[in-house]
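**Q** Have a peek at entry.cif (mmCIF, C-alpha atoms).
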```cif
data_protein
loop_
_atom_site.label_atom_id
_atom_site.label_comp_id
_atom_site.auth_asym_id
_atom_site.auth_seq_id
_atom_site.Cartn_x
_atom_site.Cartn_y
_atom_site.Cartn_z
CA MET A 1 -0.09 19.30 15.08
CA HIS A 2 -2.73 19.07 12.41
CA SER A 3 -2.84 18.88 8.67
CA SER A 4 -4.47 21.72 6.85
CA ALA A 5 -5.05 19.35 3.96
CA LEU A 6 -7.67 17.39 5.79
CA PRO A 7 -10.76 18.75 7.51
CA HIS A 8 -10.17 19.64 11.10
CA ALA A 9 -12.34 20.65 13.99
CA THR A 10 -12.29 19.91 17.67
CA PRO A 11 -13.79 16.51 18.43
CA GLU A 12 -16.97 16.66 20.44
CA TRP A 13 -16.98 15.66 24.08
CA SER A 14 -20.31 14.93 25.68
CA GLY A 15 -19.31 15.92 29.20
CA SER A 16 -21.36 12.97 30.47
CA ASP A 17 -20.24 10.04 32.58
CA PRO A 18 -18.71 8.07 30.97
CA THR A 19 -17.19 10.72 28.80
CA VAL A 20 -18.16 10.25 25.16
CA LEU A 21 -16.15 11.59 22.26
CA THR A 22 -17.13 11.48 18.63
CA PHE A 23 -14.99 12.31 15.67
CA SER A 24 -14.71 11.45 12.00
CA MET A 25 -11.98 11.09 9.46
CA PHE A 26 -11.90 9.84 5.87
CA GLY A 27 -15.71 9.58 5.98
CA VAL A 28 -15.60 7.21 8.96
CA ARG A 29 -17.23 8.15 12.27
CA ILE A 30 -15.90 6.86 15.57
CA GLU A 31 -17.25 7.11 19.09
CA VAL A 32 -15.01 6.75 22.14
CA ARG A 33 -16.33 6.14 25.66
CA VAL A 34 -13.99 6.62 28.59
CA ASP A 35 -15.09 5.92 32.17
CA ASP A 36 -11.95 7.38 33.77
CA ALA A 37 -11.82 11.17 33.50
CA SER A 38 -8.08 11.19 34.21
CA LEU A 39 -7.49 9.47 30.87
CA VAL A 40 -9.43 11.90 28.71
CA GLU A 41 -6.60 14.32 27.98
CA ARG A 42 -4.26 11.48 27.14
CA ILE A 43 -6.82 9.94 24.80
CA LEU A 44 -7.13 13.29 23.02
CA THR A 45 -3.45 13.17 22.11
CA CYS A 46 -3.95 9.74 20.56
CA LEU A 47 -6.55 10.83 18.03
CA PRO A 48 -5.45 10.83 14.40
CA PRO A 49 -4.12 14.16 13.13
CA GLY A 50 -6.76 16.05 11.23
CA CYS A 51 -9.82 14.30 12.64
CA SER A 52 -12.93 16.44 12.84
CA ALA A 53 -16.22 16.80 14.65
CA ASP A 54 -19.11 15.09 12.93
CA ALA A 55 -22.80 15.53 13.66
CA SER A 56 -24.06 12.62 11.58
CA ALA A 57 -25.93 9.85 13.33
CA ARG A 58 -24.06 6.94 11.83
CA ILE A 59 -21.38 5.38 14.02
CA ASP A 60 -18.94 3.03 12.31
CA ARG A 61 -17.06 1.96 15.41
CA THR A 62 -17.41 2.41 19.16
CA TYR A 63 -14.37 2.17 21.40
CA GLU A 64 -14.64 1.84 25.14
CA ILE A 65 -11.84 2.38 27.61
CA LEU A 66 -12.98 0.97 30.91
CA SER A 67 -11.43 0.73 34.34
CA THR A 68 -13.53 -2.29 35.24
CA ALA A 69 -13.74 -5.58 33.44
CA PRO A 70 -16.60 -5.77 30.95
CA GLY A 71 -19.61 -7.22 32.69
CA SER A 72 -18.34 -6.65 36.22
CA THR A 73 -19.27 -3.88 38.65
CA PRO A 74 -16.75 -1.39 40.05
CA SER A 75 -17.18 -2.72 43.60
CA HIS A 76 -16.11 -6.17 42.46
CA SER A 77 -13.13 -4.98 40.47
CA ARG A 78 -9.82 -5.33 42.30
CA SER A 79 -7.51 -5.15 39.34
CA THR A 80 -5.68 -2.01 38.27
CA ASP A 81 -6.10 -3.14 34.69
CA ARG A 82 -7.86 -1.05 32.12
CA PHE A 83 -9.75 -2.53 29.20
CA LEU A 84 -9.94 -1.45 25.58
CA LEU A 85 -12.97 -2.68 23.69
CA ALA A 86 -13.95 -2.22 20.06
CA ASP A 87 -17.63 -2.72 19.36
CA ARG A 88 -17.90 -4.56 22.70
CA SER A 89 -15.07 -6.98 21.91
CA LEU A 90 -12.00 -6.92 24.13
CA VAL A 91 -8.96 -5.66 22.25
CA TRP A 92 -6.41 -5.05 24.99
CA GLN A 93 -6.06 -5.28 28.74
CA SER A 94 -3.26 -3.64 30.65
CA SER A 95 -2.41 -1.80 33.85
CA ASP A 96 -0.05 0.38 31.81
CA ALA A 97 -2.10 3.39 30.66
CA ASP A 98 0.52 4.46 28.14
CA ALA A 99 0.56 1.03 26.53
CA LEU A 100 -3.22 1.05 26.43
CA CYS A 101 -3.28 4.47 24.77
CA ARG A 102 -0.72 3.42 22.17
CA ARG A 103 -2.79 0.33 21.44
CA PHE A 104 -5.91 2.48 21.12
CA GLN A 105 -4.13 4.85 18.75
CA SER A 106 -2.81 2.13 16.46
CA HIS A 107 -6.18 0.32 16.50
CA VAL A 108 -8.06 3.48 15.54
CA GLU A 109 -5.62 4.30 12.75
CA LEU A 110 -5.77 0.80 11.33
CA PHE A 111 -9.56 0.81 11.47
CA LEU A 112 -9.58 4.12 9.59
CA ALA A 113 -7.13 2.74 7.05
CA VAL A 114 -9.40 -0.24 6.39
CA ARG A 115 -12.71 1.62 6.32
CA ALA A 116 -11.68 4.95 4.77
CA ARG A 117 -14.32 6.13 2.29
CA THR A 118 -12.75 9.30 0.97
CA HIS A 119 -9.11 8.27 0.69
CA ALA A 120 -6.99 5.20 0.02
CA ILE A 121 -4.53 4.48 2.80
CA VAL A 122 -1.20 2.72 2.45
CA HIS A 123 1.37 1.73 5.06
CA ALA A 124 4.11 4.08 3.91
CA GLY A 125 6.48 6.83 4.79
CA VAL A 126 5.99 10.04 2.83
CA VAL A 127 8.21 13.06 2.35
CA GLY A 128 7.97 16.08 0.09
CA TRP A 129 10.78 17.08 -2.21
CA GLN A 130 10.64 20.14 -4.44
CA GLY A 131 6.85 20.17 -4.39
CA ARG A 132 6.51 16.47 -5.13
CA ALA A 133 5.87 13.50 -2.88
CA ILE A 134 8.16 10.53 -2.40
CA VAL A 135 6.13 7.56 -1.15
CA ILE A 136 7.91 4.65 0.52
CA PRO A 137 5.44 1.79 1.03
CA GLY A 138 6.32 -0.78 3.65
CA ARG A 139 5.03 -2.59 6.68
CA SER A 140 6.20 -2.11 10.22
CA VAL A 141 9.91 -2.83 10.77
CA SER A 142 10.65 -2.48 7.05
CA GLY A 143 12.73 0.57 8.02
CA LYS A 144 10.49 3.27 6.56
CA THR A 145 10.64 5.54 9.63
CA THR A 146 14.44 5.33 9.62
CA LEU A 147 14.41 6.22 5.96
CA VAL A 148 11.98 9.10 6.44
CA GLU A 149 14.20 10.42 9.20
CA ALA A 150 17.27 10.18 6.93
CA LEU A 151 15.44 11.99 4.12
CA ILE A 152 14.23 14.86 6.27
CA ARG A 153 17.76 15.27 7.62
CA GLN A 154 18.68 15.80 3.94
CA GLY A 155 16.11 18.57 3.70
CA ALA A 156 12.96 16.74 2.67
CA GLU A 157 9.60 17.90 3.99
CA TYR A 158 7.85 15.60 6.45
CA LEU A 159 4.40 14.26 5.55
CA SER A 160 4.11 10.91 7.34
CA ASP A 161 6.09 8.01 8.71
CA GLN A 162 3.15 5.65 8.96
CA TYR A 163 0.47 6.10 6.32
CA ALA A 164 0.24 7.57 2.86
CA VAL A 165 -3.19 9.15 2.52
CA LEU A 166 -4.13 9.23 -1.16
CA ASP A 167 -7.13 10.98 -2.65
CA PRO A 168 -8.89 9.77 -5.83
CA GLY A 169 -6.83 12.20 -7.90
CA GLY A 170 -3.61 10.59 -6.75
CA LEU A 171 -2.50 13.39 -4.42
CA VAL A 172 -1.02 12.43 -1.06
CA SER A 173 -2.07 14.40 2.03
CA PRO A 174 0.06 14.96 5.13
CA PHE A 175 -0.65 12.65 8.06
CA LEU A 176 1.28 14.56 10.64
CA ARG A 177 2.04 12.81 13.82
CA PRO A 178 5.33 12.40 15.66
CA LEU A 179 7.82 9.99 14.15
CA TRP A 180 8.21 6.79 16.11
CA ILE A 181 11.95 6.38 16.04
CA ARG A 182 13.18 2.95 16.99
CA GLN A 183 16.04 3.17 19.46
CA ASP A 184 16.45 -0.60 19.56
CA PRO A 185 14.26 -3.51 18.42
CA GLN A 186 12.05 -3.17 21.51
CA VAL A 187 11.98 0.55 22.24
CA ARG A 188 10.67 3.45 20.18
CA ARG A 189 10.34 7.09 21.11
CA ALA A 190 8.07 9.75 19.69
CA CYS A 191 9.95 12.59 18.04
CA ALA A 192 8.46 15.75 16.59
CA PRO A 193 9.63 16.37 13.03
CA GLU A 194 10.68 19.87 14.06
CA ASP A 195 13.15 18.32 16.51
CA LEU A 196 14.86 16.74 13.51
CA GLY A 197 14.99 20.06 11.73
CA ALA A 198 12.14 19.09 9.44
CA VAL A 199 9.47 21.24 7.91
CA ALA A 200 6.03 19.67 8.12
CA GLY A 201 4.07 19.46 4.89
CA ARG A 202 0.80 21.36 4.85
CA ILE A 203 -0.75 20.66 1.48
CA PRO A 204 -1.43 17.56 -0.64
CA LEU A 205 1.33 16.79 -3.12
CA PRO A 206 1.35 14.80 -6.36
CA VAL A 207 3.05 11.43 -6.04
CA ARG A 208 6.16 11.68 -8.17
CA PHE A 209 8.35 8.87 -6.84
CA ILE A 210 7.49 5.55 -5.24
CA VAL A 211 10.34 3.68 -3.59
CA VAL A 212 9.75 0.03 -2.79
CA THR A 213 12.57 -1.02 -0.53
CA GLU A 214 13.50 -2.62 2.73
CA TYR A 215 16.63 -2.57 4.79
CA ARG A 216 19.08 -5.37 4.17
CA PRO A 217 22.43 -5.10 5.97
CA GLY A 218 25.22 -4.35 3.53
CA ALA A 219 22.92 -4.16 0.52
CA LEU A 220 23.92 -1.95 -2.37
CA TRP A 221 20.84 -0.26 -3.82
CA GLN A 222 20.51 -1.31 -7.44
CA PRO A 223 16.91 -0.44 -8.19
CA ARG A 224 14.76 -1.90 -10.87
CA GLN A 225 12.21 0.51 -12.33
CA LEU A 226 8.71 -0.84 -12.02
CA THR A 227 5.89 -0.32 -14.47
CA PRO A 228 2.84 1.65 -13.30
CA GLY A 229 0.93 -1.61 -12.93
CA GLU A 230 3.64 -3.09 -10.74
CA ALA A 231 3.67 0.11 -8.71
CA VAL A 232 -0.07 -0.23 -8.11
CA LEU A 233 0.44 -3.78 -6.85
CA ALA A 234 3.24 -2.61 -4.58
CA LEU A 235 0.88 -0.05 -3.05
CA LEU A 236 -1.95 -2.56 -2.88
CA SER A 237 0.16 -5.10 -1.01
CA ASN A 238 0.67 -2.48 1.70
CA ALA A 239 -2.94 -1.30 1.84
CA PRO A 240 -4.95 -2.50 4.85
CA ALA A 241 -8.19 -2.15 2.85
CA ALA A 242 -7.06 -4.31 -0.07
CA ARG A 243 -9.50 -7.08 0.75
CA HIS A 244 -12.38 -4.74 1.46
CA GLN A 245 -12.38 -2.31 -1.45
CA PRO A 246 -9.88 -3.44 -4.08
CA GLY A 247 -11.64 -1.67 -6.95
CA TYR A 248 -11.46 1.73 -5.30
CA LEU A 249 -7.85 1.17 -4.31
CA LEU A 250 -6.81 0.04 -7.79
CA ARG A 251 -8.32 3.18 -9.32
CA THR A 252 -6.80 5.51 -6.74
CA PHE A 253 -3.38 3.88 -6.83
CA GLY A 254 -3.54 3.90 -10.62
CA ALA A 255 -4.07 7.66 -10.55
CA ALA A 256 -1.03 8.02 -8.27
CA ALA A 257 1.22 5.61 -10.16
CA ARG A 258 0.56 7.02 -13.64
CA GLY A 259 2.55 10.15 -12.92
CA ALA A 260 5.22 8.50 -10.80
CA VAL A 261 8.55 6.83 -11.29
CA THR A 262 8.79 3.68 -9.16
CA TRP A 263 11.98 1.96 -8.10
CA SER A 264 12.30 -1.35 -6.30
CA GLY A 265 15.21 -3.01 -4.57
CA PRO A 266 16.72 -3.59 -1.13
CA ARG A 267 18.79 -0.85 0.43
CA GLY A 268 21.63 -0.63 2.91
CA ASP A 269 22.36 2.19 5.36
CA ALA A 270 19.57 4.78 5.45
CA THR A 271 21.77 7.89 5.37
CA ASP A 272 23.77 6.72 2.36
CA PHE A 273 20.61 5.54 0.68
CA ALA A 274 18.84 8.87 1.23
CA LYS A 275 21.67 10.72 -0.51
CA GLN A 276 21.73 8.19 -3.35
CA LEU A 277 17.97 8.41 -3.77
CA LEU A 278 17.90 12.21 -3.88
CA ASN A 279 20.77 12.18 -6.39
CA LEU A 280 18.88 9.74 -8.59
CA ILE A 281 15.77 11.89 -8.32
CA ALA A 282 17.74 14.97 -9.32
CA THR A 283 19.22 13.09 -12.29
CA THR A 284 15.80 11.83 -13.32
CA LEU A 285 14.21 15.27 -13.12
CA ASP A 286 17.14 16.84 -15.01
CA SER A 287 16.86 14.18 -17.67
CA GLU A 288 13.13 14.75 -18.04
CA ALA A 289 13.67 18.51 -18.23
CA THR A 290 16.31 18.04 -20.92
CA ILE A 291 14.07 15.76 -22.95
CA GLY A 292 11.17 18.15 -22.50
CA GLY A 293 13.37 21.06 -23.52
CA SER A 294 14.59 19.22 -26.60
CA ARG A 295 11.06 18.41 -27.59
CA ASN A 296 10.01 22.00 -27.12
CA GLY A 297 13.00 23.12 -29.15
CA ARG A 298 12.03 20.85 -32.02
CA HIS A 299 8.46 22.06 -31.92
CA GLU A 300 9.61 25.63 -32.05
CA MET B 301 -8.92 -26.78 -25.74
CA ARG B 302 -10.91 -23.60 -25.17
CA PRO B 303 -9.34 -21.67 -22.29
CA HIS B 304 -11.71 -19.59 -20.24
CA ALA B 305 -10.35 -16.62 -18.28
CA ARG B 306 -12.09 -15.84 -15.02
CA LYS B 307 -14.16 -12.69 -15.33
CA THR B 308 -16.23 -13.17 -12.19
CA GLY B 309 -14.89 -12.88 -8.67
CA VAL B 310 -12.23 -10.50 -9.88
CA VAL B 311 -11.86 -6.74 -10.01
CA VAL B 312 -10.18 -5.39 -13.12
CA GLU B 313 -8.50 -2.05 -13.71
CA GLU B 314 -6.33 -0.94 -16.59
CA VAL B 315 -3.29 1.27 -16.01
CA ASP B 316 -1.25 2.47 -18.97
CA GLY B 317 -1.94 -0.64 -21.03
CA GLU B 318 -1.40 -3.07 -18.18
CA VAL B 319 -4.33 -5.05 -16.84
CA LEU B 320 -4.59 -5.29 -13.08
CA VAL B 321 -6.69 -8.18 -11.84
CA TYR B 322 -7.57 -8.57 -8.18
CA ASP B 323 -8.79 -12.03 -7.23
CA LEU B 324 -11.48 -11.54 -4.58
CA ALA B 325 -11.44 -15.18 -3.51
CA ARG B 326 -7.70 -15.51 -3.05
CA ASN B 327 -7.01 -11.86 -2.19
CA GLU B 328 -4.22 -11.62 -4.71
CA GLY B 329 -3.41 -8.94 -7.22
CA HIS B 330 -1.93 -9.63 -10.64
CA CYS B 331 -0.43 -7.37 -13.23
CA LEU B 332 -0.89 -8.66 -16.77
CA ARG B 333 0.87 -7.17 -19.74
CA ASP B 334 1.67 -7.79 -23.35
CA VAL B 335 0.71 -11.25 -24.57
CA THR B 336 -0.61 -12.36 -21.18
CA ALA B 337 -3.04 -9.43 -21.04
CA LEU B 338 -4.27 -10.16 -24.57
CA VAL B 339 -4.68 -13.87 -23.90
CA TRP B 340 -6.63 -13.11 -20.75
CA ARG B 341 -8.96 -10.90 -22.80
CA PHE B 342 -9.48 -13.34 -25.65
CA ALA B 343 -9.83 -16.52 -23.58
CA ASP B 344 -13.62 -16.55 -23.34
CA GLY B 345 -14.15 -20.32 -23.25
CA GLN B 346 -15.64 -20.23 -26.74
CA ILE B 347 -12.63 -20.16 -29.01
CA PRO B 348 -9.75 -22.64 -29.28
CA VAL B 349 -6.14 -21.83 -28.52
CA GLU B 350 -5.32 -21.65 -32.22
CA THR B 351 -7.78 -18.78 -32.66
CA ILE B 352 -6.42 -17.02 -29.60
CA ILE B 353 -2.96 -17.23 -31.14
CA GLU B 354 -4.25 -15.68 -34.37
CA ARG B 355 -6.00 -12.87 -32.55
CA VAL B 356 -2.99 -12.08 -30.41
CA ARG B 357 -0.84 -11.96 -33.55
CA GLU B 358 -3.33 -9.60 -35.18
CA ARG B 359 -3.35 -7.27 -32.20
CA ARG B 360 0.37 -7.29 -31.59
CA MET B 361 1.25 -6.87 -35.30
CA SER B 362 4.49 -8.62 -34.46
CA GLU B 363 5.87 -12.10 -34.26
CA VAL B 364 4.15 -13.93 -31.45
CA THR B 365 4.90 -17.61 -31.22
CA GLU B 366 2.64 -20.41 -30.08
CA ASP B 367 4.99 -20.86 -27.15
CA ASP B 368 4.38 -17.26 -26.11
CA VAL B 369 0.65 -17.85 -25.95
CA TRP B 370 1.00 -21.18 -24.19
CA SER B 371 3.35 -19.59 -21.69
CA ALA B 372 0.78 -16.88 -21.06
CA LEU B 373 -1.88 -19.52 -20.52
CA GLU B 374 0.43 -21.33 -18.13
CA ARG B 375 0.97 -18.13 -16.13
CA LEU B 376 -2.76 -17.44 -16.05
CA SER B 377 -3.41 -21.00 -14.94
CA GLU B 378 -0.80 -20.82 -12.19
CA ALA B 379 -2.32 -17.55 -11.04
CA HIS B 380 -5.77 -19.18 -10.87
CA LEU B 381 -7.11 -16.76 -13.45
CA LEU B 382 -8.59 -19.47 -15.65
CA VAL B 383 -11.94 -21.09 -14.91
CA GLU B 384 -10.35 -24.50 -15.47
CA PRO B 385 -6.60 -24.98 -15.13
CA ILE B 386 -4.94 -26.04 -18.31
CA ALA B 387 -2.94 -29.23 -18.52
CA GLY B 388 -1.77 -31.65 -21.15
CA PRO B 389 1.23 -32.99 -22.93
CA SER B 390 1.89 -29.78 -24.81
CA LEU B 391 2.03 -27.77 -21.60
CA ALA B 392 4.30 -30.30 -19.96
CA PHE B 393 6.64 -30.02 -22.91
CA ILE B 394 6.64 -26.23 -22.72
CA GLN B 395 7.19 -26.25 -18.98
CA THR B 396 10.19 -28.48 -19.44
CA ARG B 397 11.53 -26.30 -22.19
CA GLN B 398 10.97 -23.11 -20.25
CA GLU B 399 12.68 -24.53 -17.20
CA MET B 400 15.61 -25.52 -19.37
CA MET B 401 15.75 -22.04 -20.91
CA ARG B 402 15.57 -20.39 -17.50
CA ARG B 403 18.51 -22.41 -16.31
CA ILE B 404 20.52 -21.66 -19.41
CA MET B 405 19.79 -17.94 -19.21
CA SER B 406 20.47 -17.68 -15.51
CA LEU B 407 23.85 -19.28 -15.97
CA ASP B 408 25.18 -16.37 -17.97
CA GLY B 409 23.24 -13.81 -15.97
CA THR B 410 21.29 -12.46 -18.92
CA SER B 411 17.85 -13.61 -18.01
CA GLY B 412 15.30 -11.18 -19.33
CA SER B 413 12.35 -12.77 -17.67
CA ALA B 414 10.33 -10.47 -15.47
CA LYS B 415 10.71 -11.62 -11.92
CA PRO B 416 8.11 -10.61 -9.42
CA ALA B 417 9.27 -7.79 -7.20
CA ALA B 418 9.48 -8.57 -3.52
CA SER B 419 6.46 -6.48 -2.71
CA THR B 420 4.43 -7.16 -5.81
CA PRO B 421 3.30 -10.72 -5.33
CA ASP B 422 2.05 -12.67 -8.29
CA ASN B 423 3.14 -10.12 -10.77
CA LEU B 424 2.87 -11.73 -14.16
#
```
Show me this structure written as structure tokens.
**A**
Amino acid sequence: MHSSALPHATPEWSGSDPTVLTFSMFGVRIEVRVDDASLVERILTCLPPGCSADASARIDRTYEILSTAPGSTPSHSRSTDRFLLADRSLVWQSSDADALCRRFQSHVELFLAVRARTHAIVHAGVVGWQGRAIVIPGRSVSGKTTLVEALIRQGAEYLSDQYAVLDPGGLVSPFLRPLWIRQDPQVRRACAPEDLGAVAGRIPLPVRFIVVTEYRPGALWQPRQLTPGEAVLALLSNAPAARHQPGYLLRTFGAAARGAVTWSGPRGDATDFAKQLLNLIATTLDSEATIGGSRNGRHE
Amino acid sequence: MRPHARKTGVVVEEVDGEVLVYDLARNEGHCLRDVTALVWRFADGQIPVETIIERVRERRMSEVTEDDVWSALERLSEAHLLVEPIAGPSLAFIQTRQEMMRRIMSLDGTSGSAKPAASTPDNL
């Protein structure tokens, strides 16, 4: 599954030993070296949706997935462990290939979120609704995937359950990967949006609503409307790159927040909340249309 | 006293009349509005508080009290957005008075003070 909103081409494999893959996304170029050919196909499925081939010489990050400990020779390696390195530093060590791949995927995505040059990335769930984007910033375990799932079951379009990808004009692009639905606090399973009856978004959408919330058992959602400045800070506090490029993020988030209505407050059950949110959105849009119509009437 | 707002080591962006200040040293974002935004602009370390009060009143074209400006300075100081933190008997008096007012207002549930949102730390 790939986004048409972001450049896409097949990543380049060298065919050498170890296998070397290069790809780029958001203006960041990554090289991956894998010394176990049986892992290559699995690694391919871990690449971020929409990544593309890139012929430039600059490499921003090199990952290595090795079947022998760094510095040792294969003949001396008795462990079944595999090793994930980022720029020669050990990131993860495990005999569980799936766990290693998941770690690789999350590490790559976070690195892209921090170093992105062409977009500003926020930890957030994103859905489309009537041609507009609803952005739900929040860290892991804030309940954003559960909320995204509840919204797409109400008919919203799926754009992302992990990152909001914002361009300098304030549009949010799809970041289409399977939803990681938490079955219990320890276990999550990947679920294609289509399996939930969702339509995947294909084009960037203007940010129209920003919902700052987190699950609190029994909470009744009584949102406070935030100012655009407060909305920018809410996005910034969920942006991995905040410390690295705050100026760029402030400008980009400002462009997104200017045209958006932002609500903040804890929520209760996701299904009830999703219905309440979509009702409030409908009321807000109706109200704006009425005001706009009245204004037009007066002008005429 | 000549308050001096920090203009170095910060990134500033304006959004719909609000001033967003990101503190590069502390990695904190702040949203300044109304009187606080004006005080932050005028506090250049050269002019006394009395002049800042006059300038804020001129810009706002509305009743702005000395307490409003001192409160703004206090918030800027607490947010580490002044070169030198402000202190003194007058501030202590205002802090006491503000605390008293907060308690009074929170008792009847009509507090109009802007509380920071959970995910917008250090929102002023």
**Q** Apply the PyMOL selection byres ((chain A) within 12 of (chain B)) to the structure shown and report the selected residues as a short mmCIF file (atom, residue, chain, number, x, y, z; two decimals) with C-alpha atoms, keeping the file's coordinate frame.
**A**
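Saved the output as expr09.cif:
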```
data_model
loop_
_atom_site.label_atom_id
_atom_site.label_comp_id
_atom_site.auth_asym_id
_atom_site.auth_seq_id
_atom_site.Cartn_x
_atom_site.Cartn_y
_atom_site.Cartn_z
CA ILE A 136 7.91 4.65 0.52
CA PRO A 137 5.44 1.79 1.03
CA GLY A 138 6.32 -0.78 3.65
CA ARG A 139 5.03 -2.59 6.68
CA SER A 142 10.65 -2.48 7.05
CA VAL A 211 10.34 3.68 -3.59
CA VAL A 212 9.75 0.03 -2.79
CA THR A 213 12.57 -1.02 -0.53
CA GLU A 214 13.50 -2.62 2.73
CA PRO A 223 16.91 -0.44 -8.19
CA ARG A 224 14.76 -1.90 -10.87
CA GLN A 225 12.21 0.51 -12.33
CA LEU A 226 8.71 -0.84 -12.02
CA THR A 227 5.89 -0.32 -14.47
CA PRO A 228 2.84 1.65 -13.30
CA GLY A 229 0.93 -1.61 -12.93
CA GLU A 230 3.64 -3.09 -10.74
CA ALA A 231 3.67 0.11 -8.71
CA VAL A 232 -0.07 -0.23 -8.11
CA LEU A 233 0.44 -3.78 -6.85
CA ALA A 234 3.24 -2.61 -4.58
CA LEU A 235 0.88 -0.05 -3.05
CA LEU A 236 -1.95 -2.56 -2.88
CA SER A 237 0.16 -5.10 -1.01
CA ASN A 238 0.67 -2.48 1.70
CA ALA A 239 -2.94 -1.30 1.84
CA PRO A 240 -4.95 -2.50 4.85
CA ALA A 241 -8.19 -2.15 2.85
CA ALA A 242 -7.06 -4.31 -0.07
CA ARG A 243 -9.50 -7.08 0.75
CA HIS A 244 -12.38 -4.74 1.46
CA GLN A 245 -12.38 -2.31 -1.45
CA PRO A 246 -9.88 -3.44 -4.08
CA GLY A 247 -11.64 -1.67 -6.95
CA TYR A 248 -11.46 1.73 -5.30
CA LEU A 249 -7.85 1.17 -4.31
CA LEU A 250 -6.81 0.04 -7.79
CA ARG A 251 -8.32 3.18 -9.32
CA THR A 252 -6.80 5.51 -6.74
CA PHE A 253 -3.38 3.88 -6.83
CA GLY A 254 -3.54 3.90 -10.62
CA ALA A 255 -4.07 7.66 -10.55
CA ALA A 256 -1.03 8.02 -8.27
CA ALA A 257 1.22 5.61 -10.16
CA ARG A 258 0.56 7.02 -13.64
CA GLY A 259 2.55 10.15 -12.92
CA THR A 262 8.79 3.68 -9.16
CA TRP A 263 11.98 1.96 -8.10
CA SER A 264 12.30 -1.35 -6.30
CA GLY A 265 15.21 -3.01 -4.57
CA PRO A 266 16.72 -3.59 -1.13
#
```
**Q** Any idea what's packed within 8 Å of Trp92 (chain A), counting all atoms listed in the file, ignoring anything in its chain fewer than 3 positions away? Could you give it as a ChimeraX atom specification?
**A** /A:83-85,100,103
**Q** Applied to the shown file, which residues does the PyMOL selection byres ((chain B and resi 353) around 10) return, written as a ChimeraX atom specification?
**A** /B:335,338-339,342,348-352,354-358,364-370
**Q** Which distance in Å separates CA of Ser377 (chain B) and CA of Pro303 (chain B), to one decimal?
**A**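 Taking CA of Ser377 (chain B) as the start and CA of Pro303 (chain B) as the end point, the length is 9.5 Å.
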**Q** Rounded to one decimal in Å, what is the spacing between CA of Leu196 (chain A) and CA of Gly268 (chain A)?
**A** 21.4 Å
**Q** If we count all atoms listed in the file, what is near Arg61 (chain A) at a cut-off of 10 Å, once residues fewer than 4 positions away on the same chain are taken out, given as a list of chain:residue names?
**A**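 What passes the distance filter is A:Val28, A:Arg29, A:Ile30, A:Glu31, A:Val32, A:Ala86, A:Asp87, A:Arg88, A:Val108, A:Phe111, A:Leu112.
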**Q** For the selection you just gave me, I'd like the residues written to a file as a compact mmCIF listing (two decimals), in the frame of the given file, keeping C-alpha atoms.
**A**
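Wrote it out as again_24.txt, contents follow:
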```txt
# COMPACT_ATOMS: atom_id res chain seq x y z
CA VAL A 28 -15.60 7.21 8.96
CA ARG A 29 -17.23 8.15 12.27
CA ILE A 30 -15.90 6.86 15.57
CA GLU A 31 -17.25 7.11 19.09
CA VAL A 32 -15.01 6.75 22.14
CA ALA A 86 -13.95 -2.22 20.06
CA ASP A 87 -17.63 -2.72 19.36
CA ARG A 88 -17.90 -4.56 22.70
CA VAL A 108 -8.06 3.48 15.54
CA PHE A 111 -9.56 0.81 11.47
CA LEU A 112 -9.58 4.12 9.59
```
**Q** Just say which residues the PyMOL selection byres ((chain B and resi 385) around 12) picks in this file, as a list in words.
**A**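 Against this file, the PyMOL selection byres ((chain B and resi 385) around 12) returns the residues Met301, Arg302, Pro303, His304, Ala305, Arg306, Leu373, Glu374, Arg375, Leu376, Ser377, Glu378, Ala379, His380, Leu381, Leu382, Val383, Glu384, Ile386, Ala387, Gly388 and Leu391 of chain B.
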**Q** Quick one: everything within 7 Å of Ala150 (chain A), counting all atoms listed in the file, minus sequence neighbours fewer than 6 positions away in the same chain. Send it as a ChimeraX atom specification.
**A** /A:270-271,274
**Q** Mind giving me the straight-line distance from CA of Leu47 (chain A) to CA of Gly170 (chain A) in Å, one decimal?
**A**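 Going from CA of Leu47 (chain A) over to CA of Gly170 (chain A), I get 25.0 Å.
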**Q** When you look at Val165 (chain A) with a cut-off of 8 Å (counting all atoms listed in the file), what residues show up, excluding the ones that are within fewer than 3 positions of it in the same chain? I need them as an mmCIF file with C-alpha atoms, keeping the file's coordinate frame.
**A**
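This went into part_20.cif:
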```
data_model
loop_
_atom_site.group_PDB
_atom_site.id
_atom_site.type_symbol
_atom_site.label_atom_id
_atom_site.label_comp_id
_atom_site.auth_asym_id
_atom_site.auth_seq_id
_atom_site.Cartn_x
_atom_site.Cartn_y
_atom_site.Cartn_z
ATOM 1 C CA HIS A 119 -9.110 8.270 0.690
ATOM 2 C CA ALA A 120 -6.990 5.200 0.020
ATOM 3 C CA ILE A 121 -4.530 4.480 2.800
ATOM 4 C CA VAL A 122 -1.200 2.720 2.450
ATOM 5 C CA VAL A 172 -1.020 12.430 -1.060
ATOM 6 C CA SER A 173 -2.070 14.400 2.030
ATOM 7 C CA PRO A 174 0.060 14.960 5.130
ATOM 8 C CA PHE A 175 -0.650 12.650 8.060
#
```
